[in-house]
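Colleague: Dropping a structure here in structure tokens format, bear with me for questions.
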Amino acid sequence: MKTFKVGLIGAGFMAKAHSVAYAGMPMFFWPAPALIKKKLIADLTVERADEAALQFGFERGTADWRDIINDPDIDIVDICTPNDSHAEIAIAAAGAGKHIICEKPISRTLEEAKAMYEAVSKANVVNMLAFNYRMTPAVQLAKKYIDEGAIGDILDFRGTYLQDWSADPNSPLSWRFQKAVCGSGAFGDIGTHVVDMLRFLIGDFTEVNARFATYIKERPMQTGTVDNLGSVKGGTDVPKAPVDVDDQCLLVLKGANGSFGTIEATRNAWGRNNFITFEIHGTKGSLYFNYERRDELQVCFADDPGDRRGFRTVYTGPAHPYGENLWPIPALGIGYTETKIVEMYKFIDAVANGGRVSPDFEDGYRIEQLGDAAFRSAKSGSWETI
């Protein structure tokens, strides 16, 4: 069995998620396409990198991510850093012939996304963008139903990603609120997940009319290198700095297949934790999914008898996509970790056996094109072509 050596850049929350996925992938998908050796992890300081190496099971740490790029033994570069470093690291990794998995969104700008896409295309390396929510078995089941024609031609759709972790104005000024680092706010951070999910299910979009809003204009500054998100609140005496990205976005979209719908994302929705949903209506039925109930897909088919027509729940399990590799009983419980394990399986399988894995940098580039058109629309107040 092949073995690939991994270098991971960034030692925060996503590094933990990816490290667990590397360890779990062969346990769930056996025989595995390859085994993984976690060789080197990089972070901003040697102390933090060494601690992360011990915690996440890497051989050693480094404070210079270029050590990973320059190591001839490393086959895979895993990018789990803030958005402002994605392009530089990915382009360098592609130039060194490394396969790449990168956390979403692909970049801060359309220009960076294009450069990343061109770099991996030129180098002909396997590349993946980590939109793991689409790996949820219920989402994959929705795709199966759509591809089989079970709900007919798609008429309209709506998608949401609602959170409340930043609704408190005293939550700290994470890098996710700083345009120079993140590129965009709610759209890039969470809205792109819904865009990816709906692109996966129903295809590309051709036009957009968008609105963006920033509700909280400044936030308490945070110290240190750890991104606290909404877990720590700043006191009234903590200095504040401006927020220059969107807290909320609303996109009205036209699909290439003639469908029509909306996508909404906000981090200021009190009472919503990780409320990722989609509802898709077709000529023969409808589908509804809520990630907070991720073992369930709500389905309604038009050919059901009239006295039984209505949404019913399908609980995902062994009979559904990836189900036989996960847990043996429907509704036993699919979590965030399992979606990362499925994601890692697909990526490692492509590295081991060749071929394209989706979502990849081209998908990320297409999403960035949509985002660019959305921000142009918000500025012009009119429909914009994607």
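The way I read the labels, and the way they are meant: chains A, B, ... in the order of the structure tokens, residue 1 as the first residue of every chain, and ligand 1 as the first ligand shown, with later ones counted on from there.
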Mind checking which residues fall within 12 Å of Lys114 of chain A, counting only C-alpha atoms, ignoring those fewer than 6 positions away in the same chain, and posting them as a list in words?
Modeller: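 Here the answer would be Ala87, Ala90, Ile91, Ile106, Ser107, Arg108, Val120, Ser121, Phe361, Glu362, Asp363, Gly364, Tyr365, Arg366, Ile367, Glu368 and Gln369 of chain A.
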Colleague: Hey, can you spit out that residue selection with C-alpha atoms as a short mmCIF file (atom, residue, chain, number, x, y, z; two decimals), in the first residue's frame?
Modeller:
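Below is the file that was written, part.cif:
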```
data_model
loop_
_atom_site.label_atom_id
_atom_site.label_comp_id
_atom_site.auth_asym_id
_atom_site.auth_seq_id
_atom_site.Cartn_x
_atom_site.Cartn_y
_atom_site.Cartn_z
CA ALA A 87 -2.30 32.04 -2.81
CA ALA A 90 -0.50 27.12 -2.94
CA ILE A 91 1.42 28.61 -5.86
CA ILE A 106 -9.85 29.70 -2.07
CA SER A 107 -8.53 33.25 -1.66
CA ARG A 108 -9.27 36.89 -0.92
CA VAL A 120 -2.16 23.83 -10.20
CA SER A 121 -3.31 23.39 -13.80
CA PHE A 361 -9.36 25.02 -7.31
CA GLU A 362 -11.44 25.46 -10.45
CA ASP A 363 -14.58 25.26 -8.32
CA GLY A 364 -13.06 27.80 -5.95
CA TYR A 365 -12.25 30.10 -8.87
CA ARG A 366 -15.85 29.84 -10.17
CA ILE A 367 -17.21 30.68 -6.72
CA GLU A 368 -14.87 33.67 -6.54
CA GLN A 369 -16.22 34.81 -9.91
#
```
Colleague: List as a list of chain:residue names the protein and nucleic acid residues near Ile74 of chain A, meaning an atom at most 7 Å away when only C-alpha atoms are counted, but skip any in the same chain fewer than 3 places from it.
Modeller: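 Those residues are A:Lys5, A:Val6, A:Gly7, A:Ile68, A:Asp71.
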Colleague: Mind writing the picked residues with N, CA and C atoms as a PDB file, in the first residue's frame?
Modeller:
```
ATOM      1  N   LYS A   5       3.478  11.370   2.475  1.00  0.00           N
ATOM      2  CA  LYS A   5       3.894  12.206   3.594  1.00  0.00           C
ATOM      3  C   LYS A   5       3.276  13.593   3.463  1.00  0.00           C
ATOM      4  N   VAL A   6       2.749  14.080   4.585  1.00  0.00           N
ATOM      5  CA  VAL A   6       1.992  15.328   4.596  1.00  0.00           C
ATOM      6  C   VAL A   6       2.719  16.401   5.392  1.00  0.00           C
ATOM      7  N   GLY A   7       2.691  17.612   4.854  1.00  0.00           N
ATOM      8  CA  GLY A   7       3.097  18.798   5.592  1.00  0.00           C
ATOM      9  C   GLY A   7       1.896  19.706   5.744  1.00  0.00           C
ATOM     10  N   ILE A  68       8.268  23.106   4.513  1.00  0.00           N
ATOM     11  CA  ILE A  68       7.393  22.067   3.959  1.00  0.00           C
ATOM     12  C   ILE A  68       7.497  22.032   2.446  1.00  0.00           C
ATOM     13  N   ASP A  71      10.892  20.497   1.322  1.00  0.00           N
ATOM     14  CA  ASP A  71      11.222  19.132   1.732  1.00  0.00           C
ATOM     15  C   ASP A  71      10.861  18.164   0.605  1.00  0.00           C
TER      16      ASP A  71
END
```
Colleague: Identify which of the residues A:Leu129, A:Ile36, A:Leu198, A:Val208 lies closest to Ile146 of chain A, counting only C-alpha atoms when measuring atom-to-atom distances.
Modeller: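 With only C-alpha atoms as the atom set, the closest residue is A:Leu198.
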Colleague: In Å, with one decimal, what is the gap from atom CA of Glu264 of chain A to atom CA of Trp175 of chain A?
Modeller: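 Straight-line distance from atom CA of Glu264 of chain A to atom CA of Trp175 of chain A works out to 21.6 Å.
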Colleague: Applying 8 Å and only C-alpha atoms, which residues near Cys80 of chain A remain after dropping the ones on its own chain fewer than 2 positions away? List them as a VMD selection string.
Modeller: chain A and resid 8 to 12 14 to 15 78 82 102 to 103
Colleague: Selected residues, N, CA and C atoms, written as a short mmCIF file (atom, residue, chain, number, x, y, z; two decimals), in the first residue's frame, please.
Modeller:
```cif
data_model
loop_
_atom_site.label_atom_id
_atom_site.label_comp_id
_atom_site.auth_asym_id
_atom_site.auth_seq_id
_atom_site.Cartn_x
_atom_site.Cartn_y
_atom_site.Cartn_z
N LEU A 8 1.56 20.07 6.97
CA LEU A 8 0.36 20.86 7.24
C LEU A 8 0.78 22.25 7.71
N ILE A 9 0.18 23.28 7.13
CA ILE A 9 0.53 24.66 7.46
C ILE A 9 -0.65 25.31 8.17
N GLY A 10 -0.40 25.74 9.41
CA GLY A 10 -1.44 26.27 10.29
C GLY A 10 -1.74 25.25 11.36
N ALA A 11 -1.90 25.72 12.60
CA ALA A 11 -2.05 24.78 13.72
C ALA A 11 -3.27 25.10 14.59
N GLY A 12 -4.31 25.63 13.97
CA GLY A 12 -5.51 25.97 14.72
C GLY A 12 -6.59 24.92 14.61
N MET A 14 -8.76 24.15 12.24
CA MET A 14 -8.82 23.34 11.03
C MET A 14 -7.69 22.33 10.98
N ALA A 15 -6.54 22.64 11.55
CA ALA A 15 -5.45 21.66 11.61
C ALA A 15 -5.88 20.45 12.42
N ASP A 78 -0.91 20.71 2.95
CA ASP A 78 -2.24 20.95 3.50
C ASP A 78 -2.26 22.36 4.07
N PRO A 82 -5.15 31.43 7.54
CA PRO A 82 -6.08 32.48 7.09
C PRO A 82 -5.92 32.76 5.60
N CYS A 102 -6.57 22.65 0.35
CA CYS A 102 -6.59 23.99 0.93
C CYS A 102 -7.96 24.28 1.51
N GLU A 103 -7.97 24.91 2.68
CA GLU A 103 -9.23 25.30 3.28
C GLU A 103 -9.89 26.42 2.48
#
```
Colleague: Select, from A:Val342, A:Ala21, A:Leu297, A:Ala378, the residue with the minimum atom-to-atom distance to Phe212 of chain A, counting only C-alpha atoms.
Modeller: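 Nearest candidate to Phe212 of chain A out of A:Val342, A:Ala21, A:Leu297, A:Ala378: A:Ala378.
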Colleague: At what distance in Å, to one decimal, does atom CA of Cys182 of chain A lie from atom CA of Val245 of chain A?
Modeller: 8.6 Å
